[in-house]
Amino acid sequence: MNQVKYDEEKRSRACKAVVLRMVVAVYICWIAFKISSAEDTSMSRTVCWIIGGVFMAAAIAFIIYSRKRFLTDLDEARIKDDHSADDEIVEAETVEEEDSAESNGSERGTV
């Protein structure tokens, strides 16, 4: 089976960050509810609903941002075996080419 492997430290950090962001989003929703349902205030009922709606829109936007950021962080935590092996091979070939170029240059100088 093809199972995805993650760097546990990065994955843990991404999970903690999304939990904290969701707590903030729920708090913003709670503020929106409290503002829009305030009855003992000198503000107009319409103004309360507008301010509550703005806070609710901010909470929804923050939830969307949190989800996108979590998916990005999770993708960065994914261990990519295929690409890292290819990169190591290319790096090894580059080092070998540099070594052979240096050895050819030193041989020409000694002749």
# chains A, B, ... in the order shown; residues from 1 in each chain; ligands from 1
call {"tool": "residues_around", "arguments": {"residues": "A:Cys48", "least_positions_apart": "2", "cutoff": "9 Å", "atoms": "only C-alpha atoms", "output": "count of residues only"}}
result
12
call {"tool": "closest_atom_pairs", "arguments": {"of": "stretch 31-92 of chain A", "to": "stretch 18-22 of chain A", "cutoff": "12 Å", "atoms": "only C-alpha atoms", "output": "JSON lines"}}
result
{"residue": "A:Ala59", "atom": "CA", "partner": "A:Met22", "partner_atom": "CA", "distance": 9.4}
{"residue": "A:Ile60", "atom": "CA", "partner": "A:Met22", "partner_atom": "CA", "distance": 10.5}
{"residue": "A:Ala61", "atom": "CA", "partner": "A:Met22", "partner_atom": "CA", "distance": 11.6}
{"residue": "A:Phe62", "atom": "CA", "partner": "A:Arg21", "partner_atom": "CA", "distance": 7.9}
{"residue": "A:Ile63", "atom": "CA", "partner": "A:Met22", "partner_atom": "CA", "distance": 6.8}
{"residue": "A:Ile64", "atom": "CA", "partner": "A:Met22", "partner_atom": "CA", "distance": 10.2}
{"residue": "A:Tyr65", "atom": "CA", "partner": "A:Arg21", "partner_atom": "CA", "distance": 9.3}
{"residue": "A:Ser66", "atom": "CA", "partner": "A:Val18", "partner_atom": "CA", "distance": 6.2}
{"residue": "A:Arg67", "atom": "CA", "partner": "A:Val18", "partner_atom": "CA", "distance": 7.5}
{"residue": "A:Lys68", "atom": "CA", "partner": "A:Val18", "partner_atom": "CA", "distance": 9.9}
{"residue": "A:Arg69", "atom": "CA", "partner": "A:Val18", "partner_atom": "CA", "distance": 8.1}
{"residue": "A:Phe70", "atom": "CA", "partner": "A:Val18", "partner_atom": "CA", "distance": 6.1}
{"residue": "A:Leu71", "atom": "CA", "partner": "A:Val18", "partner_atom": "CA", "distance": 9.7}
{"residue": "A:Thr72", "atom": "CA", "partner": "A:Val18", "partner_atom": "CA", "distance": 11.3}
{"residue": "A:Asp73", "atom": "CA", "partner": "A:Val18", "partner_atom": "CA", "distance": 9.7}
{"residue": "A:Leu74", "atom": "CA", "partner": "A:Val18", "partner_atom": "CA", "distance": 10.5}
call {"tool": "write_last_selection", "arguments": {"atoms": "C-alpha atoms", "output": "mmCIF file, in the first residue's frame"}}
result
data_model
loop_
_atom_site.group_PDB
_atom_site.id
_atom_site.type_symbol
_atom_site.label_atom_id
_atom_site.label_comp_id
_atom_site.auth_asym_id
_atom_site.auth_seq_id
_atom_site.Cartn_x
_atom_site.Cartn_y
_atom_site.Cartn_z
ATOM 1 C CA ALA A 59 -14.475 34.331 11.658
ATOM 2 C CA ILE A 60 -15.412 32.535 8.430
ATOM 3 C CA ALA A 61 -12.473 34.112 6.599
ATOM 4 C CA PHE A 62 -10.153 33.067 9.428
ATOM 5 C CA ILE A 63 -11.476 29.491 9.277
ATOM 6 C CA ILE A 64 -10.817 29.362 5.528
ATOM 7 C CA TYR A 65 -7.318 30.764 6.041
ATOM 8 C CA SER A 66 -6.652 28.258 8.831
ATOM 9 C CA ARG A 67 -7.686 25.328 6.678
ATOM 10 C CA LYS A 68 -5.511 26.433 3.756
ATOM 11 C CA ARG A 69 -2.560 27.042 6.053
ATOM 12 C CA PHE A 70 -3.007 23.636 7.705
ATOM 13 C CA LEU A 71 -3.038 21.868 4.347
ATOM 14 C CA THR A 72 0.092 23.781 3.297
ATOM 15 C CA ASP A 73 1.874 22.953 6.557
ATOM 16 C CA LEU A 74 0.840 19.308 6.253
#
call {"tool": "residues_around", "arguments": {"residues": "A:Asp7", "least_positions_apart": "5", "cutoff": "7 Å", "atoms": "only C-alpha atoms", "output": "count of residues only"}}
result
3
call {"tool": "select_by_dssp", "arguments": {"residues": "stretch 20-79 of chain A", "states": "helix (DSSP H, G or I)", "output": "ChimeraX atom specification"}}
result
/A:20-36,45-77
call {"tool": "atom_distance", "arguments": {"atom1": "atom CA of A:Val54", "atom2": "atom CA of A:Tyr27"}}
result
14.0 Å
call {"tool": "closest_residue", "arguments": {"among": "A:Asp81, A:Glu76, A:Ala57, A:Ala17", "to": "A:Cys29", "atoms": "only C-alpha atoms"}}
result
A:Ala57
call {"tool": "atom_distance", "arguments": {"atom1": "atom CA of A:Ala32", "atom2": "atom CA of A:Met56"}}
result
5.6 Å
